[in-house]
file work-v7.cif (mmCIF, C-alpha atoms (C1' of nucleotides))
data_protein
#
loop_
_atom_site.label_atom_id
_atom_site.label_comp_id
_atom_site.auth_asym_id
_atom_site.auth_seq_id
_atom_site.Cartn_x
_atom_site.Cartn_y
_atom_site.Cartn_z
CA MET Q 91 89.18 91.76 92.97
CA LYS Q 92 92.56 92.53 91.44
CA ILE Q 93 93.59 96.17 91.73
CA ALA Q 94 96.74 97.86 90.47
CA THR Q 95 98.65 101.10 90.22
CA TRP Q 96 101.11 102.15 87.50
CA ASN Q 97 102.94 105.37 86.74
CA VAL Q 98 103.19 105.01 82.94
CA ASN Q 99 105.30 108.15 82.29
CA SER Q 100 103.45 109.23 79.11
CA LEU Q 101 100.37 107.27 78.08
CA ASN Q 102 101.07 108.15 74.45
CA VAL Q 103 104.38 106.30 74.52
CA ARG Q 104 103.23 103.52 76.84
CA LEU Q 105 99.83 102.63 75.38
CA PRO Q 106 101.14 99.45 73.69
CA HIS Q 107 102.75 98.37 76.97
CA LEU Q 108 99.55 99.11 78.88
CA LEU Q 109 97.38 97.13 76.44
CA GLY Q 110 99.75 94.17 76.52
CA TRP Q 111 99.93 94.23 80.29
CA LEU Q 112 96.13 94.49 80.71
CA ALA Q 113 95.71 91.39 78.53
CA GLU Q 114 98.37 89.56 80.52
CA ALA Q 115 97.58 90.59 84.09
CA GLN Q 116 93.79 91.02 83.73
CA PRO Q 117 93.41 93.53 86.58
CA ASP Q 118 89.87 94.60 87.49
CA VAL Q 119 90.75 98.16 88.47
CA VAL Q 120 93.86 100.16 87.49
CA ALA Q 121 95.07 103.55 88.68
CA LEU Q 122 97.39 105.32 86.23
CA GLN Q 123 99.67 108.30 86.79
CA GLU Q 124 101.77 110.65 84.66
CA LEU Q 125 99.57 110.44 81.58
CA LYS Q 126 101.14 113.61 80.11
CA LEU Q 127 98.11 114.07 77.87
CA VAL Q 128 94.81 115.94 78.02
CA ASP Q 129 91.37 114.33 78.35
CA GLU Q 130 90.47 115.21 74.74
CA VAL Q 131 93.09 112.78 73.40
CA PHE Q 132 92.73 110.05 76.05
CA PRO Q 133 92.76 106.65 74.22
CA HIS Q 134 89.24 105.56 75.23
CA ALA Q 135 88.65 103.55 72.05
CA ALA Q 136 91.76 101.38 72.38
CA LEU Q 137 91.01 100.69 76.04
CA ALA Q 138 87.33 99.95 75.36
CA GLU Q 139 88.44 97.42 72.76
CA ALA Q 140 90.58 95.84 75.48
CA GLY Q 141 87.51 95.69 77.72
CA TYR Q 142 88.21 98.67 79.97
CA GLN Q 143 86.22 101.77 80.79
CA ALA Q 144 88.35 104.79 81.72
CA VAL Q 145 87.95 108.15 83.41
CA SER Q 146 90.77 110.66 83.34
CA ASN Q 147 92.01 113.93 84.78
CA GLY Q 148 94.56 114.80 82.14
CA GLN Q 149 97.18 117.47 81.67
CA LYS Q 150 99.52 118.33 78.83
CA THR Q 151 103.26 117.57 79.33
CA TYR Q 152 103.12 116.95 83.09
CA ASN Q 153 101.04 114.91 85.55
CA GLY Q 154 97.59 113.55 84.64
CA VAL Q 155 95.84 110.57 86.30
CA ALA Q 156 93.20 108.02 85.33
CA LEU Q 157 91.19 105.05 86.54
CA LEU Q 158 90.35 101.96 84.48
CA ALA Q 159 87.74 99.31 85.21
CA ARG Q 160 87.29 96.01 83.41
CA ALA Q 161 83.78 95.29 82.10
CA PRO Q 162 81.26 94.58 83.50
CA LEU Q 163 82.55 96.83 86.31
CA VAL Q 164 81.54 100.46 85.95
CA LEU Q 165 83.22 103.61 87.29
CA GLU Q 166 80.66 105.93 88.89
CA ASP Q 167 80.50 109.15 90.95
CA VAL Q 168 83.75 110.48 89.49
CA SER Q 169 85.48 113.37 91.23
CA ARG Q 170 88.62 115.23 90.21
CA ASP Q 171 91.33 117.14 92.13
CA LEU Q 172 91.38 118.05 95.82
CA PRO Q 173 88.39 120.25 96.72
CA GLY Q 174 89.53 123.51 98.31
CA PHE Q 175 93.16 123.05 97.21
CA GLU Q 176 93.79 125.45 94.34
CA ASP Q 177 96.15 123.66 91.97
CA PRO Q 178 96.45 123.72 88.17
CA GLN Q 179 98.29 120.37 88.30
CA LYS Q 180 96.16 117.30 87.65
CA ARG Q 181 97.09 114.76 90.30
CA VAL Q 182 93.90 113.21 91.69
CA ILE Q 183 90.86 111.35 90.36
CA ALA Q 184 88.39 109.21 92.31
CA ALA Q 185 85.47 106.97 91.42
CA THR Q 186 83.29 104.24 92.85
CA VAL Q 187 83.49 100.77 91.28
CA GLY Q 188 81.70 97.66 92.49
CA GLY Q 189 81.10 99.20 95.92
CA LEU Q 190 84.74 100.21 96.28
CA ARG Q 191 85.85 103.85 96.35
CA VAL Q 192 89.13 104.13 94.44
CA VAL Q 193 91.50 107.08 94.21
CA SER Q 194 94.39 107.47 91.75
CA VAL Q 195 96.95 109.95 93.06
CA TYR Q 196 100.21 111.29 91.69
CA VAL Q 197 101.96 112.90 94.64
CA VAL Q 198 104.34 115.80 93.92
CA ASN Q 199 107.96 114.67 93.46
CA GLY Q 200 109.44 117.55 95.44
CA GLN Q 201 112.80 117.71 93.65
CA ALA Q 202 114.98 118.44 96.71
CA VAL Q 203 114.43 118.82 100.44
CA GLY Q 204 113.87 122.48 101.27
CA SER Q 205 113.04 123.55 97.70
CA GLU Q 206 109.83 125.33 96.70
CA LYS Q 207 108.63 122.11 95.10
CA TYR Q 208 109.27 120.29 98.38
CA GLU Q 209 107.10 122.80 100.25
CA TYR Q 210 104.41 122.27 97.60
CA LYS Q 211 104.74 118.50 98.13
CA LEU Q 212 104.10 118.84 101.86
CA ARG Q 213 101.15 121.20 101.26
CA PHE Q 214 99.73 118.74 98.72
CA LEU Q 215 100.07 115.84 101.17
CA ALA Q 216 98.32 117.84 103.91
CA ALA Q 217 95.45 118.63 101.52
CA LEU Q 218 95.35 114.98 100.43
CA ARG Q 219 95.02 113.96 104.07
CA ASP Q 220 92.06 116.30 104.59
CA TYR Q 221 90.45 115.01 101.40
CA LEU Q 222 90.90 111.34 102.34
CA HIS Q 223 89.47 112.01 105.78
CA GLY Q 224 86.19 112.95 104.07
CA GLU Q 225 86.38 110.12 101.53
CA LEU Q 226 86.85 107.60 104.29
CA ALA Q 227 83.86 108.94 106.21
CA ALA Q 228 81.69 108.69 103.09
CA HIS Q 229 83.13 105.41 101.76
CA PRO Q 230 84.25 102.82 104.35
CA GLN Q 231 85.73 100.68 101.55
CA LEU Q 232 88.48 102.95 100.23
CA ALA Q 233 91.61 102.16 98.21
CA VAL Q 234 94.10 104.96 97.52
CA LEU Q 235 96.44 103.90 94.74
CA GLY Q 236 99.30 105.80 93.30
CA ASP Q 237 102.79 107.15 93.01
CA TYR Q 238 103.39 108.69 96.44
CA ASN Q 239 107.02 109.63 95.73
CA ILE Q 240 107.83 108.51 99.30
CA ALA Q 241 109.84 105.46 100.39
CA PRO Q 242 108.34 104.59 103.79
CA THR Q 243 111.40 103.01 105.45
CA PRO Q 244 115.17 102.76 104.88
CA GLU Q 245 114.61 99.23 103.54
CA ASP Q 246 112.51 100.72 100.75
CA SER Q 247 115.55 102.17 99.02
CA HIS Q 248 118.48 100.29 97.50
CA ASP Q 249 121.02 102.45 99.30
CA PRO Q 250 119.86 104.00 102.58
CA ALA Q 251 123.26 105.60 103.13
CA THR Q 252 122.67 107.70 100.02
CA TRP Q 253 118.92 108.20 100.27
CA GLU Q 254 118.07 108.71 103.95
CA GLY Q 255 117.13 112.31 104.67
CA ASN Q 256 117.02 113.24 100.99
CA ILE Q 257 114.06 113.69 98.68
CA LEU Q 258 111.63 110.72 98.74
CA CYS Q 259 113.19 109.61 102.05
CA SER Q 260 113.01 112.62 104.38
CA PRO Q 261 111.31 112.50 107.79
CA PRO Q 262 108.64 115.14 106.94
CA GLU Q 263 107.61 113.20 103.83
CA ARG Q 264 107.40 109.97 105.83
CA ALA Q 265 105.42 111.74 108.55
CA ALA Q 266 102.97 112.97 105.90
CA LEU Q 267 102.54 109.42 104.60
CA GLN Q 268 102.07 108.15 108.15
CA ALA Q 269 99.39 110.82 108.65
CA LEU Q 270 97.47 109.23 105.75
CA LEU Q 271 97.79 105.81 107.37
CA ASP Q 272 96.64 107.27 110.69
CA LEU Q 273 93.29 108.08 109.06
CA GLY Q 274 92.65 104.35 109.09
CA LEU Q 275 94.51 103.07 106.03
CA VAL Q 276 96.96 100.19 105.72
CA ASP Q 277 99.78 99.90 103.19
CA ALA Q 278 98.95 96.61 101.44
CA TYR Q 279 102.67 95.84 101.29
CA THR Q 280 102.96 95.72 105.08
CA GLN Q 281 100.50 92.86 105.33
CA PRO Q 282 102.59 89.74 105.90
CA PHE Q 283 103.80 88.67 102.49
CA LEU Q 284 107.22 87.71 101.27
CA PRO Q 285 107.43 89.30 97.83
CA ASP Q 286 110.44 88.59 95.63
CA GLY Q 287 111.08 92.27 95.09
CA ARG Q 288 109.80 95.40 96.71
CA PHE Q 289 111.06 98.21 94.48
CA THR Q 290 108.55 99.87 92.14
CA TRP Q 291 110.73 102.54 90.51
CA TRP Q 292 114.24 102.53 89.05
CA ASP Q 293 115.99 105.60 87.67
CA TYR Q 294 116.55 105.58 83.90
CA ARG Q 295 120.04 106.86 84.57
CA ALA Q 296 123.05 104.71 85.43
CA ALA Q 297 121.33 101.47 84.33
CA GLY Q 298 119.21 101.64 87.47
CA PHE Q 299 116.93 98.73 86.61
CA ARG Q 300 119.64 96.34 85.47
CA ARG Q 301 121.51 97.00 88.72
CA ASN Q 302 118.26 96.94 90.78
CA LEU Q 303 118.91 100.42 92.15
CA GLY Q 304 115.28 100.93 93.04
CA LEU Q 305 112.86 102.46 95.52
CA ARG Q 306 109.41 101.44 96.76
CA ILE Q 307 107.42 104.61 96.19
CA ASP Q 308 104.19 103.33 94.59
CA HIS Q 309 101.64 102.24 97.16
CA LEU Q 310 98.16 100.79 97.56
CA LEU Q 311 96.61 102.03 100.79
CA LEU Q 312 93.51 100.17 101.95
CA SER Q 313 90.86 101.04 104.51
CA THR Q 314 90.45 98.49 107.30
CA PRO Q 315 87.32 96.74 105.98
CA LEU Q 316 89.52 95.68 103.04
CA SER Q 317 92.41 93.26 103.22
CA ALA Q 318 95.05 92.20 100.71
CA ARG Q 319 95.58 88.54 99.85
CA SER Q 320 98.67 89.26 97.77
CA TRP Q 321 101.01 92.09 96.79
CA LYS Q 322 103.42 92.04 93.89
CA VAL Q 323 105.42 94.21 91.56
CA ASP Q 324 105.15 93.07 87.95
CA THR Q 325 108.58 93.81 86.52
CA ALA Q 326 107.76 92.39 83.07
CA PRO Q 327 106.78 95.78 81.57
CA ARG Q 328 109.92 97.36 83.05
CA ARG Q 329 112.02 94.92 80.99
CA LEU Q 330 110.52 95.93 77.63
CA GLU Q 331 112.02 98.39 75.15
CA ARG Q 332 111.16 102.01 76.04
CA PRO Q 333 109.70 101.16 79.46
CA SER Q 334 108.19 103.45 82.05
CA ASP Q 335 110.62 104.03 84.90
CA HIS Q 336 107.92 102.55 87.21
CA ALA Q 337 106.57 98.98 87.24
CA PRO Q 338 102.90 98.20 87.94
CA VAL Q 339 102.01 96.95 91.43
CA LEU Q 340 99.16 94.45 91.82
CA VAL Q 341 97.11 93.60 94.90
CA GLU Q 342 94.36 91.00 95.25
CA LEU Q 343 91.56 91.91 97.61
"C1'" DA U 310 120.50 119.69 70.05
"C1'" DT U 311 119.12 120.31 74.77
"C1'" DG U 312 125.75 116.39 79.19
"C1'" DG U 313 125.46 111.49 81.25
"C1'" DT U 314 118.23 108.89 80.74
"C1'" DC U 315 113.74 109.63 79.16
"C1'" DG U 316 109.42 112.41 77.72
"C1'" DG U 317 107.94 116.50 75.99
"C1'" DA U 318 108.48 121.00 74.46
"C1'" DT U 319 111.50 124.37 72.54
"C1'" DG U 320 112.21 127.72 78.57
"C1'" DC U 321 116.30 122.41 78.62
"C1'" DC U 322 112.77 121.47 82.39
"C1'" DG U 323 110.87 117.79 85.42
"C1'" DA U 324 111.38 113.33 87.18
#

call {"tool": "encode", "arguments": {"input": "work-v7.cif", "output": "structure tokens"}}
result
Amino acid sequence: MKIATWNVNSLNVRLPHLLGWLAEAQPDVVALQELKLVDEVFPHAALAEAGYQAVSNGQKTYNGVALLARAPLVLEDVSRDLPGFEDPQKRVIAATVGGLRVVSVYVVNGQAVGSEKYEYKLRFLAALRDYLHGELAAHPQLAVLGDYNIAPTPEDSHDPATWEGNILCSPPERAALQALLDLGLVDAYTQPFLPDGRFTWWDYRAAGFRRNLGLRIDHLLLSTPLSARSWKVDTAPRRLERPSDHAPVLVEL
DNA sequence: ATGGTCGGATGCCGA
């Protein structure tokens, strides 16, 4: 099974890119983030025509997540948000597909270390940990796909001297990510592959993509019954006109 | 037009 995660940064703008990429890459399951649209206008018809069923947890302007499954796979037992964590922001959706429990998560960016948004990020990650603890108990085969807004190691940024200790690369953020792994999840990237490139996000500013000034902040975390046979960033959509600032990441189970 | 980029809304903010 081929699973993927992609922060599309506006599904309205990126729908043509998504449709082209689905036809090209043929993933079985896709987690999307930053839809920036509400469920009422989610493009179900266009995706159905492309062979994909979708469930969404949308929000206007900010956030919004979805899961796609390629027919004949079916998304079932859908749940939205983090139970017990009061939050108007739409950042989590989960479903079961072909015996696999899949979560699409858009972790808070956090803006700057020490800011109010940073505190919210750490609270969100703690609530996510509690939620995944329960998901894992109920569903041994669990894949948590998304934009975590955390670069796990210094090697996951293009310029550790600039990034270390700052937002996306601070020790408390990394500890929160490690706490998710400690539940019994493995970052598919850390399985022994030799990918050409590891970065999944490049800032729009300062020609970040052209200069490969990237970070690895999009992750596919797998429970131990699962194992990845491959891991790769597909940079093709990042090269198109009007791209998302993130590239899709694909893993074969 | 909103500084430097983009998306979305109109609060220039959030990423």

call {"tool": "resolve_selection", "arguments": {"input": "work-v7.cif", "expression": "the PyMOL selection byres ((chain U) within 12 of (chain Q))", "output": "PDB file with C-alpha atoms (C1' of nucleotides), keeping the file's coordinate frame"}}
result
ATOM      1  C1'  DG U 313     125.460 111.490  81.250  1.00  0.00           C
ATOM      2  C1'  DT U 314     118.230 108.890  80.740  1.00  0.00           C
ATOM      3  C1'  DC U 315     113.740 109.630  79.160  1.00  0.00           C
ATOM      4  C1'  DG U 316     109.420 112.410  77.720  1.00  0.00           C
ATOM      5  C1'  DG U 317     107.940 116.500  75.990  1.00  0.00           C
ATOM      6  C1'  DA U 318     108.480 121.000  74.460  1.00  0.00           C
ATOM      7  C1'  DC U 322     112.770 121.470  82.390  1.00  0.00           C
ATOM      8  C1'  DG U 323     110.870 117.790  85.420  1.00  0.00           C
ATOM      9  C1'  DA U 324     111.380 113.330  87.180  1.00  0.00           C
TER      10       DA U 324
END

call {"tool": "residues_around", "arguments": {"input": "work-v7.cif", "residues": "Ser320 (chain Q)", "least_positions_apart": "3", "cutoff": "10 Å", "atoms": "only C-alpha atoms (C1' of nucleotides)", "output": "NGL selection string"}}
result
:Q and (92 or 278-279 or 281-285 or 317 or 340-343)

call {"tool": "resolve_selection", "arguments": {"input": "work-v7.cif", "expression": "the PyMOL selection byres ((chain Q and resi 253) around 12)", "output": "list in words"}}
result
Ala202, Val203, Ile240, Ala241, Pro242, Thr243, Pro244, Glu245, Asp246, Ser247, His248, Asp249, Pro250, Ala251, Thr252, Glu254, Gly255, Asn256, Ile257, Leu258, Cys259, Ser260, Pro261, Leu303, Gly304 and Leu305 of chain Q

call {"tool": "atom_distance", "arguments": {"input": "work-v7.cif", "atom1": "CA of Asp272 (chain Q)", "atom2": "CA of Ala121 (chain Q)"}}
result
22.4 Å

call {"tool": "atom_distance", "arguments": {"input": "work-v7.cif", "atom1": "CA of Arg329 (chain Q)", "atom2": "CA of Phe299 (chain Q)"}}
result
8.4 Å

call {"tool": "atom_distance", "arguments": {"input": "work-v7.cif", "atom1": "CA of Gln123 (chain Q)", "atom2": "CA of Gln149 (chain Q)"}}
result
10.8 Å

call {"tool": "resolve_selection", "arguments": {"input": "work-v7.cif", "expression": "the PyMOL selection byres ((chain Q and resi 105) around 12)", "output": "PyMOL selection string"}}
result
chain Q and resi 98-104+106-112+122+125+127+132-137+140+327+332-334

call {"tool": "closest_residue", "arguments": {"input": "work-v7.cif", "among": "Q:Glu176, Q:Asp118, Q:Leu275, Q:Val339", "to": "Leu163 (chain Q)", "atoms": "all atoms listed in the file"}}
result
Q:Asp118

call {"tool": "decode", "arguments": {"input": "work-v7.cif", "residues": "chain U", "atoms": "N, CA and C atoms (P, O5', C5', C4', C3', O3' and C1' of nucleotides)", "output": "short mmCIF file (atom, residue, chain, number, x, y, z; two decimals), in the first residue's frame"}}
result
data_model
loop_
_atom_site.label_atom_id
_atom_site.label_comp_id
_atom_site.auth_asym_id
_atom_site.auth_seq_id
_atom_site.Cartn_x
_atom_site.Cartn_y
_atom_site.Cartn_z
P DA U 310 -1.63 48.02 -6.45
"O5'" DA U 310 -2.08 48.50 -4.98
"C5'" DA U 310 -1.47 49.64 -4.41
"C4'" DA U 310 -1.48 49.52 -2.90
"C3'" DA U 310 -0.34 48.65 -2.32
"O3'" DA U 310 0.20 49.28 -1.17
"C1'" DA U 310 -2.43 47.73 -1.69
P DT U 311 1.56 48.66 -0.51
"O5'" DT U 311 0.99 47.76 0.68
"C5'" DT U 311 0.22 48.33 1.72
"C4'" DT U 311 -0.28 47.22 2.59
"C3'" DT U 311 0.80 46.23 3.00
"O3'" DT U 311 1.03 46.32 4.39
"C1'" DT U 311 -1.18 45.12 2.35
P DG U 312 2.57 46.08 4.94
"O5'" DG U 312 3.46 45.64 3.71
"C5'" DG U 312 4.68 46.33 3.49
"C4'" DG U 312 5.38 45.69 2.34
"C3'" DG U 312 5.76 44.23 2.57
"O3'" DG U 312 5.65 43.52 1.37
"C1'" DG U 312 7.69 45.50 2.15
P DG U 313 5.93 41.89 1.31
"O5'" DG U 313 7.39 41.86 0.70
"C5'" DG U 313 7.59 42.09 -0.69
"C4'" DG U 313 8.99 41.65 -1.07
"C3'" DG U 313 9.29 40.18 -0.75
"O3'" DG U 313 10.17 39.65 -1.73
"C1'" DG U 313 10.79 41.54 0.40
P DT U 314 9.52 38.89 -3.01
"O5'" DT U 314 8.79 37.63 -2.41
"C5'" DT U 314 9.35 36.35 -2.60
"C4'" DT U 314 8.29 35.30 -2.41
"C3'" DT U 314 6.99 35.56 -3.17
"O3'" DT U 314 6.61 34.32 -3.73
"C1'" DT U 314 6.53 35.26 -0.87
P DC U 315 5.55 34.29 -4.92
"O5'" DC U 315 4.25 33.76 -4.18
"C5'" DC U 315 4.23 32.39 -3.76
"C4'" DC U 315 3.15 32.21 -2.73
"C3'" DC U 315 1.73 32.50 -3.21
"O3'" DC U 315 1.05 31.27 -3.26
"C1'" DC U 315 2.13 33.28 -0.99
P DG U 316 -0.42 31.21 -3.93
"O5'" DG U 316 -1.40 31.29 -2.68
"C5'" DG U 316 -1.42 30.23 -1.76
"C4'" DG U 316 -2.47 30.51 -0.71
"C3'" DG U 316 -3.80 31.01 -1.27
"O3'" DG U 316 -4.84 30.27 -0.66
"C1'" DG U 316 -2.97 32.55 0.34
P DG U 317 -6.33 30.46 -1.10
"O5'" DG U 317 -6.89 31.54 -0.08
"C5'" DG U 317 -6.91 31.19 1.30
"C4'" DG U 317 -7.30 32.42 2.09
"C3'" DG U 317 -8.56 33.13 1.55
"O3'" DG U 317 -9.53 33.14 2.58
"C1'" DG U 317 -6.81 34.67 1.99
P DA U 318 -10.96 33.81 2.38
"O5'" DA U 318 -10.86 35.17 3.19
"C5'" DA U 318 -10.45 35.13 4.55
"C4'" DA U 318 -10.11 36.51 5.04
"C3'" DA U 318 -11.24 37.53 4.87
"O3'" DA U 318 -11.33 38.31 6.05
"C1'" DA U 318 -9.27 38.33 3.84
P DT U 319 -12.47 39.29 6.30
"O5'" DT U 319 -11.80 40.74 6.13
"C5'" DT U 319 -10.69 41.07 6.95
"C4'" DT U 319 -10.06 42.35 6.46
"C3'" DT U 319 -11.06 43.49 6.17
"O3'" DT U 319 -10.53 44.71 6.66
"C1'" DT U 319 -9.66 43.21 4.34
P DG U 320 -11.15 45.37 7.95
"O5'" DG U 320 -10.07 45.09 9.06
"C5'" DG U 320 -8.97 45.91 9.28
"C4'" DG U 320 -8.05 45.24 10.25
"C3'" DG U 320 -6.64 45.01 9.71
"O3'" DG U 320 -5.85 46.13 10.04
"C1'" DG U 320 -7.45 43.08 10.92
P DC U 321 -5.27 47.05 8.85
"O5'" DC U 321 -4.35 46.22 7.84
"C5'" DC U 321 -3.06 45.88 8.19
"C4'" DC U 321 -2.97 44.37 8.30
"C3'" DC U 321 -1.65 43.87 8.88
"O3'" DC U 321 -1.97 42.79 9.74
"C1'" DC U 321 -2.10 42.76 6.90
P DC U 322 -1.12 42.60 11.08
"O5'" DC U 322 -1.61 41.17 11.57
"C5'" DC U 322 -3.02 40.84 11.57
"C4'" DC U 322 -3.18 39.39 11.17
"C3'" DC U 322 -2.14 38.46 11.80
"O3'" DC U 322 -2.79 37.33 12.35
"C1'" DC U 322 -2.19 38.17 9.44
P DG U 323 -1.95 36.35 13.33
"O5'" DG U 323 -1.59 35.11 12.41
"C5'" DG U 323 -2.64 34.34 11.84
"C4'" DG U 323 -2.04 33.28 10.94
"C3'" DG U 323 -0.83 32.55 11.54
"O3'" DG U 323 -1.04 31.17 11.37
"C1'" DG U 323 -0.28 33.42 9.41
P DA U 324 0.06 30.10 11.92
"O5'" DA U 324 0.93 29.79 10.64
"C5'" DA U 324 0.29 29.23 9.49
"C4'" DA U 324 1.31 29.08 8.40
"C3'" DA U 324 2.62 28.42 8.83
"O3'" DA U 324 2.96 27.37 7.96
"C1'" DA U 324 3.04 30.40 7.63
#
